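Colleague: The structure's right below; bear with me while I get my questions together.
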Amino acid sequence: MKGNCKLCKKSFTGRAGKIFCSLSCKASYHQKLTLVTDVATRDIDKILHRNRKTLLEIMGKASTSKKVDRSLLDSKKFNWHFITHTHINSQGKTVNFVYDFSYIIFSDQEILIKKIRP
């Protein structure tokens, strides 16, 4: 089977589905892809880590659940737009997650924060 290398565009022959002409082209391609991904996600990771630190600071190490006013998180520059995932609970409320912490925003602007145990 003939093809062109995905990185250097050099023509090569090999098995069907082969996309690189050599191991060095394959390694170089994946190193560049990793670098681009790291650069793109670095700022998002910083925000997520800062959000987690804020939740940990509010909760403390011993507490597993705490209800606080939204203004407390706002005063600590919590970024509401960055979460790791969400879940809809049995009451229809959206549960937002930041790594191993979850929080629910109630209509009266109170926030229930929970530490997820492994």
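Residue names in the structure tokens use chain letters A, B, ... in the order shown, residue numbers from 1 in each chain, and ligand numbers from 1 in the order shown.
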Could you give me, as a list of chain:residue names, the residues within 10 Å of region 66-70 of chain A, counting only C-alpha atoms and dropping anything in the same chain fewer than 6 positions from it?

Modeller: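 Selected residues are A:Ile58, A:Met59, A:Gly60, A:Phe78, A:Tyr103, A:Ile104, A:Ile105, A:Phe106, A:Asp108, A:Gln109, A:Glu110, A:Ile111, A:Leu112, A:Ile113, A:Lys114, A:Lys115.
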
Colleague: Could you dump the residues just selected with N, CA and C atoms as a compact mmCIF listing (two decimals), in the first residue's frame?

Modeller:
```txt
# COMPACT_ATOMS: atom_id res chain seq x y z
N ILE A 58 -12.88 27.03 51.80
CA ILE A 58 -14.17 27.28 52.42
C ILE A 58 -14.62 26.07 53.24
N MET A 59 -14.43 24.88 52.70
CA MET A 59 -14.89 23.65 53.36
C MET A 59 -14.01 23.25 54.54
N GLY A 60 -12.72 23.46 54.43
CA GLY A 60 -11.81 22.94 55.43
C GLY A 60 -11.55 21.46 55.15
N PHE A 78 -14.13 33.21 42.68
CA PHE A 78 -14.51 31.91 42.13
C PHE A 78 -15.03 32.15 40.71
N TYR A 103 -21.13 21.42 43.83
CA TYR A 103 -21.93 22.49 44.42
C TYR A 103 -23.23 22.64 43.65
N ILE A 104 -24.27 23.04 44.41
CA ILE A 104 -25.58 23.31 43.85
C ILE A 104 -25.93 24.75 44.18
N ILE A 105 -26.39 25.50 43.20
CA ILE A 105 -26.82 26.88 43.41
C ILE A 105 -28.33 26.87 43.63
N PHE A 106 -28.76 27.38 44.77
CA PHE A 106 -30.19 27.46 45.07
C PHE A 106 -30.72 28.83 44.68
N ASP A 108 -32.22 31.09 46.27
CA ASP A 108 -31.98 32.19 47.21
C ASP A 108 -30.49 32.57 47.29
N GLN A 109 -29.73 32.16 46.29
CA GLN A 109 -28.31 32.46 46.16
C GLN A 109 -27.43 31.80 47.22
N GLU A 110 -27.95 30.77 47.85
CA GLU A 110 -27.12 29.98 48.72
C GLU A 110 -26.52 28.85 47.90
N ILE A 111 -25.32 28.46 48.29
CA ILE A 111 -24.59 27.41 47.59
C ILE A 111 -24.34 26.27 48.56
N LEU A 112 -24.72 25.06 48.16
CA LEU A 112 -24.40 23.87 48.95
C LEU A 112 -23.17 23.24 48.33
N ILE A 113 -22.08 23.18 49.10
CA ILE A 113 -20.82 22.61 48.63
C ILE A 113 -20.64 21.26 49.31
N LYS A 114 -20.23 20.26 48.54
CA LYS A 114 -19.96 18.93 49.10
C LYS A 114 -18.61 18.45 48.63
N LYS A 115 -17.93 17.76 49.52
CA LYS A 115 -16.67 17.09 49.18
C LYS A 115 -17.01 15.66 48.80
```

Colleague: According to DSSP computed on the backbone, where in region 20-115 of chain A is there helix (DSSP H, G or I)? Give the residues as a PyMOL selection string.

Modeller: chain A and resi 23-59+70-75

Colleague: By how many Å are CA of Lys18 (chain A) and CA of His30 (chain A) apart?

Modeller: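 We find that CA of Lys18 (chain A) and CA of His30 (chain A) lie 14.9 Å from each other.
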
Colleague: Contacts of Ile47 (chain A) at 8 Å or less, counting only C-alpha atoms, minus same-chain residues fewer than 3 places along, as a VMD selection string?

Modeller: chain A and resid 43 to 44 50 to 51 79 82

Colleague: Pull C-alpha atoms from the residues just selected and write them as a short mmCIF file (atom, residue, chain, number, x, y, z; two decimals), in the first residue's frame.

Modeller:
```
data_model
loop_
_atom_site.label_atom_id
_atom_site.label_comp_id
_atom_site.auth_asym_id
_atom_site.auth_seq_id
_atom_site.Cartn_x
_atom_site.Cartn_y
_atom_site.Cartn_z
CA ASP A 43 -4.96 28.56 31.43
CA ILE A 44 -8.11 26.48 31.89
CA ARG A 50 -7.90 27.92 41.71
CA ASN A 51 -11.63 27.08 41.91
CA ASN A 79 -14.96 31.52 38.35
CA PHE A 82 -15.21 26.70 34.71
#
```

Colleague: Extract the full set of strand (DSSP E) residues from chain A according to DSSP on the backbone, and format it as a ChimeraX atom specification.

Modeller: /A:2-4,11-13,65-69,85-88,94-98,101-105,110-115

Colleague: Please report the interatomic distance between CA of Tyr99 (chain A) and CA of Ile83 (chain A) in Å with one decimal.

Modeller: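 According to the coordinates, CA of Tyr99 (chain A) and CA of Ile83 (chain A) are separated by 7.9 Å.
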
Colleague: Give me, as a PDB file with N, CA and C atoms, in the first residue's frame, all polymer residues having an atom no more than 9 Å from Cys21 (chain A), counting only C-alpha atoms and skipping those fewer than 5 positions away in the same chain.

Modeller:
```
ATOM      1  N   GLY A   3       1.360   5.494   0.364  1.00  0.00           N
ATOM      2  CA  GLY A   3       0.758   6.627   1.054  1.00  0.00           C
ATOM      3  C   GLY A   3       1.739   7.754   1.214  1.00  0.00           C
ATOM      4  N   ASN A   4       1.280   8.869   1.751  1.00  0.00           N
ATOM      5  CA  ASN A   4       2.130  10.016   2.055  1.00  0.00           C
ATOM      6  C   ASN A   4       2.138  10.224   3.564  1.00  0.00           C
ATOM      7  N   CYS A   5       3.307  10.521   4.100  1.00  0.00           N
ATOM      8  CA  CYS A   5       3.486  10.720   5.527  1.00  0.00           C
ATOM      9  C   CYS A   5       2.641  11.920   5.990  1.00  0.00           C
ATOM     10  N   LYS A   6       1.962  11.745   7.097  1.00  0.00           N
ATOM     11  CA  LYS A   6       1.107  12.801   7.648  1.00  0.00           C
ATOM     12  C   LYS A   6       1.917  14.010   8.102  1.00  0.00           C
ATOM     13  N   LEU A   7       3.195  13.812   8.451  1.00  0.00           N
ATOM     14  CA  LEU A   7       4.022  14.910   8.941  1.00  0.00           C
ATOM     15  C   LEU A   7       4.878  15.526   7.843  1.00  0.00           C
ATOM     16  N   CYS A   8       5.698  14.722   7.205  1.00  0.00           N
ATOM     17  CA  CYS A   8       6.663  15.269   6.242  1.00  0.00           C
ATOM     18  C   CYS A   8       6.195  15.181   4.794  1.00  0.00           C
ATOM     19  N   LYS A   9       5.075  14.515   4.561  1.00  0.00           N
ATOM     20  CA  LYS A   9       4.454  14.360   3.233  1.00  0.00           C
ATOM     21  C   LYS A   9       5.254  13.492   2.275  1.00  0.00           C
ATOM     22  N   LYS A  10       6.316  12.846   2.774  1.00  0.00           N
ATOM     23  CA  LYS A  10       7.129  11.960   1.947  1.00  0.00           C
ATOM     24  C   LYS A  10       6.336  10.706   1.580  1.00  0.00           C
ATOM     25  N   SER A  11       6.509  10.234   0.369  1.00  0.00           N
ATOM     26  CA  SER A  11       5.821   9.036  -0.096  1.00  0.00           C
ATOM     27  C   SER A  11       6.475   7.797   0.516  1.00  0.00           C
ATOM     28  N   PHE A  12       5.651   6.800   0.878  1.00  0.00           N
ATOM     29  CA  PHE A  12       6.176   5.559   1.445  1.00  0.00           C
ATOM     30  C   PHE A  12       5.246   4.404   1.082  1.00  0.00           C
ATOM     31  N   THR A  13       5.759   3.191   1.284  1.00  0.00           N
ATOM     32  CA  THR A  13       4.922   2.000   1.100  1.00  0.00           C
ATOM     33  C   THR A  13       4.854   1.274   2.440  1.00  0.00           C
ATOM     34  N   GLY A  14       3.740   0.607   2.673  1.00  0.00           N
ATOM     35  CA  GLY A  14       3.573  -0.102   3.939  1.00  0.00           C
ATOM     36  C   GLY A  14       2.178  -0.683   4.052  1.00  0.00           C
ATOM     37  N   LYS A  26       6.456   9.824  13.407  1.00  0.00           N
ATOM     38  CA  LYS A  26       5.332   9.528  14.286  1.00  0.00           C
ATOM     39  C   LYS A  26       5.550  10.178  15.659  1.00  0.00           C
TER      40      LYS A  26
END
```

Colleague: Report, in Å with one decimal, the straight-line distance from CA of Met1 (chain A) to CA of Ser22 (chain A).

Modeller: 15.0 Å

Colleague: Would you mind telling me which residue in A:Lys93, A:Ser24, A:His87, A:Leu35 lies nearest to Ser107 (chain A) when using only C-alpha atoms?

Modeller: A:Lys93

Colleague: Tell me which of A:Leu33, A:Thr54, A:Ser65, A:Arg117 sits closest to Trp80 (chain A), counting only C-alpha atoms.

Modeller: A:Thr54

Colleague: Looking at A:Lys2, A:Lys76, A:Thr34, A:Asn96, which one is nearest to Arg15 (chain A), with distances taken over only C-alpha atoms?

Modeller: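 Checking each of A:Lys2, A:Lys76, A:Thr34, A:Asn96 against Arg15 (chain A), counting only C-alpha atoms, the winner is A:Lys2.
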